[in-house]
>>> print(open('final06.txt').read())   # compact mmCIF, C-alpha atoms
# COMPACT_ATOMS: atom_id res chain seq x y z
CA MET A 1 0.00 0.00 0.00
CA THR A 2 1.28 3.46 -0.92
CA THR A 3 1.36 5.73 2.15
CA SER A 4 3.97 8.31 1.17
CA TRP A 5 2.91 11.84 0.23
CA GLN A 6 3.91 13.70 -2.93
CA THR A 7 4.22 17.48 -2.58
CA ILE A 8 2.24 19.38 -5.21
CA SER A 9 2.69 22.96 -4.01
CA THR A 10 4.43 24.76 -1.15
CA ASP A 11 2.48 28.04 -1.44
CA PHE A 12 -1.09 26.81 -1.91
CA GLY A 13 -3.50 29.66 -1.13
CA LYS A 14 -0.72 31.73 0.41
CA GLY A 15 -1.74 34.93 -1.34
CA ASP A 16 -5.43 34.61 -0.50
CA LYS A 17 -6.48 36.52 2.62
CA PRO A 18 -7.78 35.64 5.15
CA TYR A 19 -5.69 32.45 5.18
CA GLY A 20 -7.30 29.16 4.24
CA ALA A 21 -8.11 27.29 1.06
CA GLY A 22 -11.59 26.14 2.06
CA ALA A 23 -13.13 23.10 0.40
CA PHE A 24 -10.95 22.70 -2.68
CA ARG A 25 -10.62 20.37 -5.65
CA VAL A 26 -7.59 19.83 -7.88
CA ARG A 27 -7.48 18.55 -11.46
CA GLY A 28 -4.07 18.77 -13.07
CA ASP A 29 -2.96 22.36 -12.44
CA ASN A 30 -6.50 23.70 -12.11
CA ILE A 31 -8.25 24.46 -8.81
CA ILE A 32 -11.76 25.29 -7.65
CA SER A 33 -12.53 26.20 -4.06
CA LEU A 34 -15.49 27.06 -1.85
CA LYS A 35 -14.08 29.07 1.00
CA MET A 36 -15.73 30.29 4.20
CA ALA A 37 -13.78 32.95 6.05
CA GLY A 38 -14.13 35.53 8.77
CA PRO A 39 -13.47 39.24 8.21
CA GLU A 40 -9.91 40.46 8.28
CA LEU A 41 -9.12 41.84 11.74
CA LYS A 42 -6.47 44.52 12.24
CA PHE A 43 -4.80 45.78 15.40
CA LYS A 44 -3.61 49.29 16.21
CA PRO A 45 0.13 49.94 16.23
CA ALA A 46 1.80 50.13 19.63
CA SER A 47 2.04 53.93 19.41
CA GLU A 48 -1.78 54.25 19.40
CA LEU A 49 -2.55 51.89 22.27
CA LYS A 50 -4.12 53.20 25.48
CA ASN A 51 -2.32 50.45 27.37
CA PRO A 52 0.84 49.18 25.64
CA GLU A 53 0.23 45.69 27.07
CA VAL A 54 -3.35 45.36 25.76
CA ALA A 55 -4.00 44.86 22.05
CA GLU A 56 -6.75 46.98 20.46
CA PHE A 57 -8.64 46.51 17.21
CA THR A 58 -8.57 49.35 14.72
CA GLN A 59 -12.39 49.47 14.56
CA ALA A 60 -14.99 48.92 17.30
CA TRP A 61 -17.02 46.30 15.38
CA MET A 62 -14.01 43.96 15.38
CA ASP A 63 -14.44 43.53 19.15
CA ASP A 64 -18.08 42.39 18.73
CA SER A 65 -18.39 38.61 18.25
CA SER A 66 -21.87 38.90 16.69
CA GLU A 67 -20.61 41.45 14.20
CA ARG A 68 -17.65 39.26 13.30
CA LEU A 69 -20.04 36.37 12.62
CA ASN A 70 -22.29 38.63 10.55
CA ARG A 71 -19.33 39.66 8.40
CA ARG A 72 -18.21 36.14 7.56
CA THR A 73 -18.21 35.41 3.84
CA VAL A 74 -18.42 32.51 1.42
CA ALA A 75 -16.44 32.73 -1.80
CA PHE A 76 -16.17 30.51 -4.86
CA GLN A 77 -12.69 30.65 -6.36
CA THR A 78 -11.02 29.35 -9.50
CA GLY A 79 -7.34 29.28 -10.31
CA THR A 80 -4.22 27.28 -10.97
CA LEU A 81 -1.45 25.94 -8.78
CA GLY A 82 0.95 28.50 -10.19
CA ALA A 83 -1.22 31.61 -10.37
CA GLY A 84 -3.35 31.21 -7.26
CA PHE A 85 -7.07 31.99 -6.81
CA THR A 86 -9.55 34.41 -8.36
CA ARG A 87 -12.87 35.00 -6.59
CA THR A 88 -15.86 34.86 -8.94
CA LEU A 89 -18.65 34.76 -6.34
CA GLN A 90 -18.59 36.22 -2.84
CA GLN A 91 -21.49 36.68 -0.42
CA ARG A 92 -22.02 37.12 3.29
CA GLY A 93 -22.57 33.73 4.89
CA GLN A 94 -21.60 31.32 7.65
CA SER A 95 -22.55 28.07 5.87
CA ALA A 96 -22.49 26.75 2.33
CA ALA A 97 -22.97 23.68 0.14
CA TRP A 98 -21.90 22.96 -3.43
CA TRP A 99 -22.11 20.48 -6.27
CA TYR A 100 -20.00 20.41 -9.41
CA SER A 101 -20.13 18.23 -12.51
CA LYS A 102 -17.22 15.93 -13.30
CA ASP A 103 -15.85 18.39 -15.86
CA TRP A 104 -16.52 21.32 -13.46
CA GLY A 105 -18.59 22.91 -16.24
CA THR A 106 -21.70 23.22 -14.05
CA VAL A 107 -21.50 24.33 -10.42
CA TYR A 108 -24.24 24.96 -7.86
CA VAL A 109 -23.54 26.91 -4.65
CA SER A 110 -25.93 27.60 -1.76
CA ILE A 111 -25.02 30.10 0.94
CA GLY A 112 -26.71 30.54 4.32
CA TRP A 113 -26.44 33.74 6.36
CA THR A 114 -27.70 34.33 9.91
CA ASP A 115 -28.03 37.76 11.48
CA TYR A 116 -26.52 37.14 14.91
CA LYS A 117 -27.53 40.62 16.08
CA ALA A 118 -31.23 40.13 15.32
CA ALA A 119 -33.76 39.07 17.93
CA PRO A 120 -34.52 35.32 17.86
CA SER A 121 -37.72 34.19 16.15
CA SER A 122 -40.64 32.57 18.00
CA ASN A 123 -38.84 29.20 18.12
CA GLY A 124 -35.84 30.77 19.85
CA LEU A 125 -33.57 30.40 16.84
CA ALA A 126 -31.95 33.15 14.83
CA PRO A 127 -33.46 33.13 11.32
CA GLN A 128 -31.24 32.09 8.43
CA ILE A 129 -31.40 33.42 4.87
CA THR A 130 -30.39 30.95 2.15
CA LYS A 131 -29.60 31.85 -1.47
CA LEU A 132 -28.77 29.58 -4.40
CA TRP A 133 -26.55 30.17 -7.45
CA ARG A 134 -25.65 28.24 -10.59
CA SER A 135 -22.73 28.59 -13.00
CA SER A 136 -22.69 27.02 -16.46
CA ASP A 137 -19.15 28.09 -17.37
CA ALA A 138 -16.98 26.43 -14.72
CA GLY A 139 -17.58 29.11 -12.11
CA ARG A 140 -16.54 32.14 -14.15
CA SER A 141 -20.01 33.75 -14.00
CA TRP A 142 -23.10 33.12 -11.87
CA THR A 143 -26.90 33.29 -12.01
CA GLN A 144 -28.93 33.49 -8.82
CA LEU A 145 -31.78 30.96 -8.86
CA ALA A 146 -35.24 31.48 -7.42
CA TRP A 147 -35.26 29.97 -3.93
CA SER A 148 -37.30 30.53 -0.75
CA VAL A 149 -34.78 32.20 1.53
CA ASP A 150 -36.18 30.50 4.65
CA HIS A 151 -35.38 27.03 3.22
CA ASN A 152 -31.95 26.02 4.45
CA ILE A 153 -29.74 23.89 2.18
CA GLY A 154 -27.18 21.63 3.82
CA GLN A 155 -26.40 19.39 0.84
CA LEU A 156 -26.68 19.53 -2.95
CA LEU A 157 -26.67 16.18 -4.77
CA PHE A 158 -27.10 15.91 -8.55
CA LEU A 159 -27.27 13.09 -11.08
CA ASP A 160 -26.31 15.50 -13.86
CA PRO A 161 -26.40 19.29 -14.41
CA GLN A 162 -30.21 19.27 -14.77
CA ARG A 163 -31.45 16.70 -12.23
CA GLY A 164 -30.73 16.84 -8.54
CA TYR A 165 -31.72 17.27 -4.91
CA ALA A 166 -31.37 19.89 -2.19
CA ILE A 167 -31.43 18.62 1.40
CA GLY A 168 -32.14 21.01 4.26
CA TRP A 169 -33.20 21.44 7.87
CA GLY A 170 -36.42 19.79 9.00
CA PRO A 171 -35.29 17.64 7.35
CA HIS A 172 -36.63 18.64 3.92
CA VAL A 173 -35.90 17.22 0.48
CA TRP A 174 -36.45 19.14 -2.75
CA ARG A 175 -35.97 17.87 -6.30
CA THR A 176 -35.31 19.70 -9.57
CA ALA A 177 -35.38 18.38 -13.14
CA ASP A 178 -34.67 21.65 -14.94
CA GLY A 179 -31.34 22.84 -13.64
CA GLY A 180 -32.69 24.53 -10.52
CA GLN A 181 -35.30 26.68 -12.27
CA SER A 182 -38.07 24.97 -10.28
CA TRP A 183 -38.11 22.69 -7.22
CA HIS A 184 -40.62 20.17 -5.87
CA GLU A 185 -40.65 19.20 -2.19
CA LEU A 186 -40.82 15.47 -1.43
CA LYS A 187 -42.36 13.76 1.56
CA VAL A 188 -39.69 12.54 4.00
CA PRO A 189 -39.85 8.95 5.36
CA PRO A 190 -41.56 8.05 8.68
CA LEU A 191 -40.26 9.77 11.85
CA ALA A 192 -37.49 11.57 9.97
CA ASP A 193 -39.24 14.77 10.99
CA ALA A 194 -38.97 14.71 14.79
CA GLY A 195 -40.61 18.10 15.23
CA GLN A 196 -37.35 20.03 15.57
CA PRO A 197 -37.11 22.86 13.00
CA ARG A 198 -33.41 22.24 12.39
CA GLU A 199 -33.43 18.44 12.47
CA THR A 200 -31.16 16.82 9.86
CA PHE A 201 -30.62 13.35 8.46
CA ASP A 202 -27.61 11.60 9.97
CA ALA A 203 -26.33 10.83 6.47
CA VAL A 204 -27.39 11.19 2.83
CA ASN A 205 -26.05 9.46 -0.28
CA LEU A 206 -26.77 9.58 -4.01
CA GLY A 207 -25.77 6.27 -5.61
CA PRO A 208 -24.19 5.88 -9.06
CA ASP A 209 -27.60 4.79 -10.37
CA GLY A 210 -29.31 7.94 -9.09
CA MET A 211 -30.83 6.27 -6.00
CA LEU A 212 -31.20 8.74 -3.14
CA ARG A 213 -30.69 7.29 0.35
CA VAL A 214 -31.18 8.87 3.77
CA ALA A 215 -30.19 7.46 7.16
CA TYR A 216 -31.51 8.53 10.56
CA TYR A 217 -31.98 7.21 14.10
CA VAL A 218 -35.38 6.19 15.46
CA GLU A 219 -36.39 5.39 19.03
CA GLN A 220 -39.14 3.15 17.71
CA LEU A 221 -40.69 2.65 14.28
CA ASN A 222 -43.26 -0.15 14.32
CA ASP A 223 -41.21 -3.12 15.59
CA ILE A 224 -37.87 -1.35 15.05
CA LYS A 225 -36.37 -0.06 18.31
CA ALA A 226 -33.28 2.07 19.00
CA SER A 227 -31.82 1.63 15.51
CA SER A 228 -30.86 3.55 12.42
CA VAL A 229 -32.95 3.08 9.31
CA VAL A 230 -31.96 3.68 5.70
CA TYR A 231 -34.67 4.68 3.22
CA ARG A 232 -34.22 5.00 -0.54
CA MET A 233 -35.99 6.59 -3.50
CA ARG A 234 -35.38 6.25 -7.23
CA TRP A 235 -35.44 9.24 -9.53
CA GLY A 236 -39.05 9.88 -10.52
CA GLN A 237 -40.57 8.20 -7.48
CA GLN A 238 -42.59 10.27 -5.03
CA ASP A 239 -42.14 8.19 -1.87
CA PHE A 240 -39.22 6.72 0.04
CA GLU A 241 -39.12 2.99 0.74
CA GLN A 242 -37.29 1.27 3.58
CA GLU A 243 -34.06 -0.44 2.54
CA VAL A 244 -32.20 -1.71 5.64
CA VAL A 245 -32.17 -1.45 9.43
CA LEU A 246 -28.93 -1.05 11.40
CA PRO A 247 -29.73 -2.30 14.92
CA ASN A 248 -28.39 -0.32 17.88
CA GLN A 249 -26.39 2.04 15.66
CA THR A 250 -26.20 5.76 14.95
CA VAL A 251 -24.97 6.42 11.41
CA VAL A 252 -22.07 8.84 10.96
CA ASP A 253 -21.64 8.54 7.19
CA LEU A 254 -23.22 6.68 4.29
CA GLN A 255 -21.31 6.07 1.06
CA SER A 256 -21.74 4.04 -2.12
CA SER A 257 -18.99 2.44 -4.15
CA PRO A 258 -18.31 4.36 -7.38
CA ASP A 259 -19.09 1.35 -9.58
CA THR A 260 -21.59 2.00 -12.36
CA ALA A 261 -22.11 -1.50 -13.83
CA GLY A 262 -25.45 -2.28 -12.19
CA SER A 263 -24.60 -3.79 -8.82
CA TYR A 264 -22.75 -1.73 -6.23
CA SER A 265 -22.17 -1.71 -2.47
CA LEU A 266 -23.40 0.62 0.26
CA TYR A 267 -21.28 1.29 3.33
CA ALA A 268 -22.46 2.77 6.63
CA LEU A 269 -20.01 4.09 9.21
CA SER A 270 -21.75 4.10 12.60
CA ARG A 271 -21.33 4.44 16.33
CA LEU A 272 -22.89 1.58 18.29
CA GLY A 273 -25.61 2.69 20.67
CA VAL A 274 -27.86 5.72 20.94
CA PRO A 275 -26.85 9.20 19.68
CA ARG A 276 -24.66 11.29 21.95
CA ASN A 277 -26.57 13.06 24.75
CA TRP A 278 -29.72 11.18 23.78
CA ASP A 279 -30.65 10.47 27.41
CA ASN A 280 -27.54 11.57 29.29
CA PRO A 281 -26.36 15.23 29.22
CA SER A 282 -22.89 14.24 30.47
CA ASP A 283 -22.41 11.68 27.68
CA LYS A 284 -18.88 12.12 26.27
CA GLY A 285 -19.74 10.28 23.07
CA HIS A 286 -17.35 7.34 23.41
CA ARG A 287 -18.75 4.52 21.31
CA THR A 288 -17.43 1.46 19.51
CA GLY A 289 -17.43 2.28 15.82
CA ALA A 290 -18.74 -0.08 13.15
CA LEU A 291 -18.55 -0.40 9.37
CA SER A 292 -21.43 -2.23 7.67
CA VAL A 293 -22.06 -3.16 4.04
CA TRP A 294 -24.94 -4.27 1.84
CA THR A 295 -25.69 -4.24 -1.90
CA ASN A 296 -28.22 -2.26 -3.89
CA ASP A 297 -30.39 -5.23 -4.86
CA GLN A 298 -33.91 -5.76 -3.53
CA THR A 299 -32.95 -8.54 -1.09
CA ALA A 300 -30.05 -6.73 0.56
CA SER A 301 -28.75 -8.11 3.85
CA VAL A 302 -26.38 -6.15 6.07
CA GLN A 303 -22.95 -7.50 7.02
CA GLN A 304 -20.77 -5.86 9.68
CA LEU A 305 -17.25 -5.72 8.29
CA HIS A 306 -15.20 -4.11 11.04
CA THR A 307 -15.34 -2.38 14.42
CA PHE A 308 -13.22 0.55 15.63
CA ASP A 309 -12.07 1.16 19.20
CA GLU A 310 -14.37 3.31 21.34
CA HIS A 311 -11.62 5.84 22.09
CA LEU A 312 -11.91 7.02 18.47
CA MET A 313 -14.41 9.65 17.36
CA LEU A 314 -15.33 8.63 13.82
CA ASP A 315 -15.52 11.64 11.51
CA GLY A 316 -16.14 10.36 7.98
CA LEU A 317 -15.90 7.64 5.36
CA SER A 318 -14.58 7.68 1.78
CA VAL A 319 -15.04 4.81 -0.66
CA GLY A 320 -12.90 4.44 -3.77
CA LYS A 321 -12.38 1.85 -6.45
CA GLN A 322 -10.83 -1.64 -6.20
CA GLY A 323 -11.62 -2.01 -2.51
CA VAL A 324 -9.92 1.18 -1.29
CA MET A 325 -11.63 2.82 1.69
CA LEU A 326 -10.62 5.60 4.11
CA VAL A 327 -12.02 6.38 7.56
CA SER A 328 -11.08 9.66 9.24
CA ALA A 329 -11.10 9.68 13.03
CA THR A 330 -9.97 11.73 16.02
CA ASP A 331 -8.34 10.39 19.17
CA ALA A 332 -8.82 12.84 22.03
CA THR A 333 -8.32 10.43 24.92
CA GLY A 334 -4.58 10.95 25.46
CA ASN A 335 -2.59 13.80 26.90
CA GLY A 336 -2.09 16.87 24.76
CA ALA A 337 -3.87 17.87 21.57
CA PRO A 338 -6.26 15.46 19.81
CA ARG A 339 -4.71 13.29 17.10
CA ASP A 340 -6.16 13.20 13.60
CA LEU A 341 -5.94 9.68 12.20
CA THR A 342 -6.67 8.03 8.86
CA PHE A 343 -7.54 4.34 8.62
CA VAL A 344 -6.99 2.81 5.18
CA SER A 345 -8.28 -0.46 3.74
CA LYS A 346 -7.47 -2.03 0.37
CA SER A 347 -9.58 -5.12 1.09
CA PHE A 348 -13.13 -3.71 0.85
CA GLY A 349 -13.08 -2.88 4.57
CA LYS A 350 -11.98 -6.25 5.93
CA SER A 351 -8.54 -5.16 7.20
CA TRP A 352 -7.19 -1.71 8.06
CA VAL A 353 -3.92 0.20 8.47
CA GLU A 354 -3.73 3.20 10.82
CA LEU A 355 -1.89 6.29 9.54
CA ASN A 356 -0.99 9.26 11.75
CA ASP A 357 -0.24 12.16 9.40
CA GLY A 358 -0.69 15.06 11.80
CA ALA A 359 -3.31 17.79 11.55
CA ALA A 360 -4.24 18.89 8.04
CA GLN A 361 -5.98 22.21 7.32
CA GLY A 362 -8.15 20.76 4.58
CA GLY A 363 -8.32 18.00 2.03
CA TYR A 364 -10.47 15.41 0.30
CA PHE A 365 -10.45 11.98 -1.35
CA ASP A 366 -11.07 11.50 -5.07
CA PRO A 367 -12.85 8.12 -5.43
CA GLU A 368 -12.35 7.97 -9.20
CA THR A 369 -8.56 7.90 -8.90
CA ASN A 370 -8.15 6.69 -5.28
CA THR A 371 -6.17 9.85 -4.57
CA GLN A 372 -6.11 11.66 -1.23
CA TYR A 373 -5.25 15.37 -1.05
CA ALA A 374 -4.25 17.17 2.16
CA LEU A 375 -3.13 20.68 2.98
CA PHE A 376 -0.54 21.27 5.72
CA ALA A 377 -0.22 25.05 6.21
CA TYR A 378 0.67 26.18 2.63
CA THR A 379 1.96 22.77 1.51
CA LEU A 380 -0.46 20.75 -0.62
CA LYS A 381 0.25 17.02 -0.84
CA LYS A 382 -1.35 14.00 -2.47
CA ARG A 383 -1.02 10.25 -2.32
CA ARG A 384 -2.60 7.54 -4.40
CA PHE A 385 -3.66 4.17 -3.05
>>> encode(input="final06.txt", output="structure tokens")
Amino acid sequence: MTTSWQTISTDFGKGDKPYGAGAFRVRGDNIISLKMAGPELKFKPASELKNPEVAEFTQAWMDDSSERLNRRTVAFQTGTLGAGFTRTLQQRGQSAAWWYSKDWGTVYVSIGWTDYKAAPSSNGLAPQITKLWRSSDAGRSWTQLAWSVDHNIGQLLFLDPQRGYAIGWGPHVWRTADGGQSWHELKVPPLADAGQPRETFDAVNLGPDGMLRVAYYVEQLNDIKASSVVYRMRWGQQDFEQEVVLPNQTVVDLQSSPDTAGSYSLYALSRLGVPRNWDNPSDKGHRTGALSVWTNDQTASVQQLHTFDEHLMLDGLSVGKQGVMLVSATDATGNGAPRDLTFVSKSFGKSWVELNDGAAQGGYFDPETNTQYALFAYTLKKRRF
């Protein structure tokens, strides 16, 4: 197994202020990025300080945490490894989601902004404004799409540039077949809506065949108790149908293998037991982790492939080709700072190797090429499994 990194750039995003590359993607020398950043804060020089031992901001709003949150921005950027980034879309926002086609020709971006200085609404929550954009020229220019601003978007999942889903708080699911010009809300499966206005699914996946799947925990659904359920819906259907039950598990991530030849596998990364703080406010969240698999056929049965030690906080799952899988985890049980770990399998999840690469400031896994990218300060590295 290849575990050594190859350095791609030593000044990645260095010229872009405030520092940080955001969620980025690399193809050859080309880059796209969706970056969330706070406002640039500046301090007075020592000669202007009232107390030479106390730092002072140059403007009063910089000392107001609500104002700093209000001035956070989301920016879409394009560029190259040599020339750096150019911002083509920038809006106020504290949250964002995106989808891009394989050739990057079509890009959707949703941006959510909350006014942290406004009075809470009747449900005690600060209202959020969500806006949605589409680019048909690889992010060089943008068109704002019609969208109800009170409908949050947490995920954008598309089959192709015209057909896709938006998933938001509630949870809610919307579908478009005309490139985001119009949207139709779909009925969520049983007990997914627990009555909390900002409830979310635990995990969502769009399979290579266009099958949408959602996973969430239920206390009891008919004869199902204290388990996670996975529901699915084909493109064109109006109702979800139950696919599998994961007993005594809380799903962290749900991924499908990138195969496109009919049959493919589904993988659920879970924590055994009830969700954190479900019935115990002092719950520290330590759970044995589990990886389960089933196939996309009608008679799917779930097999548990592997368990992870309870001292690990499981963060996410990536599934590549030819049996390559990555699990990201955090170990915060020792002395000192938490350790970021990557567990790698080349045996379809049956055996694993632990890698301790230190803390990265961003990165992602490309399932089509089995390539992992990671950013350490300004140094961008990749490795292929």
>>> residues_around(input="final06.txt", residues="range 209-219 of chain A", least_positions_apart="5", cutoff="7 Å", atoms="all atoms listed in the file", output="PDB file with C-alpha atoms, in the frame of the given file")
ATOM      1  CA  LEU A 159     -27.270  13.090 -11.080  1.00  0.00           C
ATOM      2  CA  ALA A 192     -37.490  11.570   9.970  1.00  0.00           C
ATOM      3  CA  PHE A 201     -30.620  13.350   8.460  1.00  0.00           C
ATOM      4  CA  ASP A 202     -27.610  11.600   9.970  1.00  0.00           C
ATOM      5  CA  ALA A 203     -26.330  10.830   6.470  1.00  0.00           C
ATOM      6  CA  VAL A 204     -27.390  11.190   2.830  1.00  0.00           C
ATOM      7  CA  LYS A 225     -36.370  -0.060  18.310  1.00  0.00           C
ATOM      8  CA  ALA A 226     -33.280   2.070  19.000  1.00  0.00           C
ATOM      9  CA  SER A 227     -31.820   1.630  15.510  1.00  0.00           C
ATOM     10  CA  SER A 228     -30.860   3.550  12.420  1.00  0.00           C
ATOM     11  CA  VAL A 229     -32.950   3.080   9.310  1.00  0.00           C
ATOM     12  CA  VAL A 230     -31.960   3.680   5.700  1.00  0.00           C
ATOM     13  CA  TYR A 231     -34.670   4.680   3.220  1.00  0.00           C
ATOM     14  CA  ARG A 232     -34.220   5.000  -0.540  1.00  0.00           C
ATOM     15  CA  MET A 233     -35.990   6.590  -3.500  1.00  0.00           C
ATOM     16  CA  ARG A 234     -35.380   6.250  -7.230  1.00  0.00           C
ATOM     17  CA  TRP A 235     -35.440   9.240  -9.530  1.00  0.00           C
ATOM     18  CA  THR A 250     -26.200   5.760  14.950  1.00  0.00           C
ATOM     19  CA  VAL A 251     -24.970   6.420  11.410  1.00  0.00           C
ATOM     20  CA  THR A 260     -21.590   2.000 -12.360  1.00  0.00           C
TER      21      THR A 260
END
>>> closest_residue(input="final06.txt", among="A:Ser122, A:Ser328, A:Gln322, A:Gln255", to="Lys346 in chain A", atoms="only C-alpha atoms")
A:Gln322
>>> residues_around(input="final06.txt", residues="Gly20 in chain A", least_positions_apart="6", cutoff="9 Å", atoms="only C-alpha atoms", output="list in words")
Gly13, Lys14, Lys35, Met36, Ala37, Gln361, Gly362, Ala377 and Tyr378 of chain A
>>> atom_distance(input="final06.txt", atom1="CA of Ala177 in chain A", atom2="CA of Ala194 in chain A")
28.4 Å
>>> residues_near_point(input="final06.txt", point="(-40.4, 13.8, -1.0)", cutoff="9 Å", atoms="all atoms listed in the file", output="count of residues only")
15
>>> build_atoms(input="final06.txt", residues="range 246-265 of chain A", atoms="N, CA and C atoms", output="JSON list (two decimals), in the frame of the given file")
[["chain", "number", "residue", "atom", "x", "y", "z"],
["A", 246, "LEU", "N", -30.22, -0.85, 10.73],
["A", 246, "LEU", "CA", -28.93, -1.05, 11.40],
["A", 246, "LEU", "C", -29.18, -1.04, 12.90],
["A", 247, "PRO", "N", -29.33, -2.22, 13.50],
["A", 247, "PRO", "CA", -29.73, -2.30, 14.92],
["A", 247, "PRO", "C", -28.70, -1.67, 15.85],
["A", 248, "ASN", "N", -29.21, -0.88, 16.82],
["A", 248, "ASN", "CA", -28.39, -0.32, 17.88],
["A", 248, "ASN", "C", -27.19, 0.46, 17.32],
["A", 249, "GLN", "N", -27.45, 1.25, 16.28],
["A", 249, "GLN", "CA", -26.39, 2.04, 15.66],
["A", 249, "GLN", "C", -26.88, 3.46, 15.37],
["A", 250, "THR", "N", -25.94, 4.40, 15.39],
["A", 250, "THR", "CA", -26.20, 5.76, 14.95],
["A", 250, "THR", "C", -25.24, 6.04, 13.79],
["A", 251, "VAL", "N", -25.79, 6.28, 12.62],
["A", 251, "VAL", "CA", -24.97, 6.42, 11.41],
["A", 251, "VAL", "C", -24.21, 7.74, 11.44],
["A", 252, "VAL", "N", -22.93, 7.67, 11.10],
["A", 252, "VAL", "CA", -22.07, 8.84, 10.96],
["A", 252, "VAL", "C", -21.95, 9.25, 9.50],
["A", 253, "ASP", "N", -21.82, 8.26, 8.61],
["A", 253, "ASP", "CA", -21.64, 8.54, 7.19],
["A", 253, "ASP", "C", -22.20, 7.38, 6.39],
["A", 254, "LEU", "N", -22.66, 7.68, 5.19],
["A", 254, "LEU", "CA", -23.22, 6.68, 4.29],
["A", 254, "LEU", "C", -22.65, 6.93, 2.90],
["A", 255, "GLN", "N", -21.97, 5.91, 2.35],
["A", 255, "GLN", "CA", -21.31, 6.07, 1.06],
["A", 255, "GLN", "C", -21.61, 4.87, 0.16],
["A", 256, "SER", "N", -21.59, 5.11, -1.14],
["A", 256, "SER", "CA", -21.74, 4.04, -2.12],
["A", 256, "SER", "C", -20.44, 3.88, -2.88],
["A", 257, "SER", "N", -20.17, 2.66, -3.32],
["A", 257, "SER", "CA", -18.99, 2.44, -4.15],
["A", 257, "SER", "C", -19.21, 3.11, -5.49],
["A", 258, "PRO", "N", -18.14, 3.60, -6.14],
["A", 258, "PRO", "CA", -18.31, 4.36, -7.38],
["A", 258, "PRO", "C", -18.55, 3.50, -8.62],
["A", 259, "ASP", "N", -18.83, 2.21, -8.44],
["A", 259, "ASP", "CA", -19.09, 1.35, -9.58],
["A", 259, "ASP", "C", -20.37, 1.77, -10.29],
["A", 260, "THR", "N", -20.41, 1.59, -11.59],
["A", 260, "THR", "CA", -21.59, 2.00, -12.36],
["A", 260, "THR", "C", -22.14, 0.86, -13.21],
["A", 261, "ALA", "N", -21.68, -0.36, -13.01],
["A", 261, "ALA", "CA", -22.11, -1.50, -13.83],
["A", 261, "ALA", "C", -23.21, -2.28, -13.14],
["A", 262, "GLY", "N", -24.30, -1.59, -12.77],
["A", 262, "GLY", "CA", -25.45, -2.28, -12.19],
["A", 262, "GLY", "C", -25.36, -2.45, -10.70],
["A", 263, "SER", "N", -24.69, -3.50, -10.24],
["A", 263, "SER", "CA", -24.60, -3.79, -8.82],
["A", 263, "SER", "C", -23.49, -2.97, -8.17],
["A", 264, "TYR", "N", -23.77, -2.46, -6.98],
["A", 264, "TYR", "CA", -22.75, -1.73, -6.23],
["A", 264, "TYR", "C", -23.03, -1.92, -4.74],
["A", 265, "SER", "N", -22.08, -1.52, -3.91],
["A", 265, "SER", "CA", -22.17, -1.71, -2.47],
["A", 265, "SER", "C", -22.46, -0.40, -1.76]]
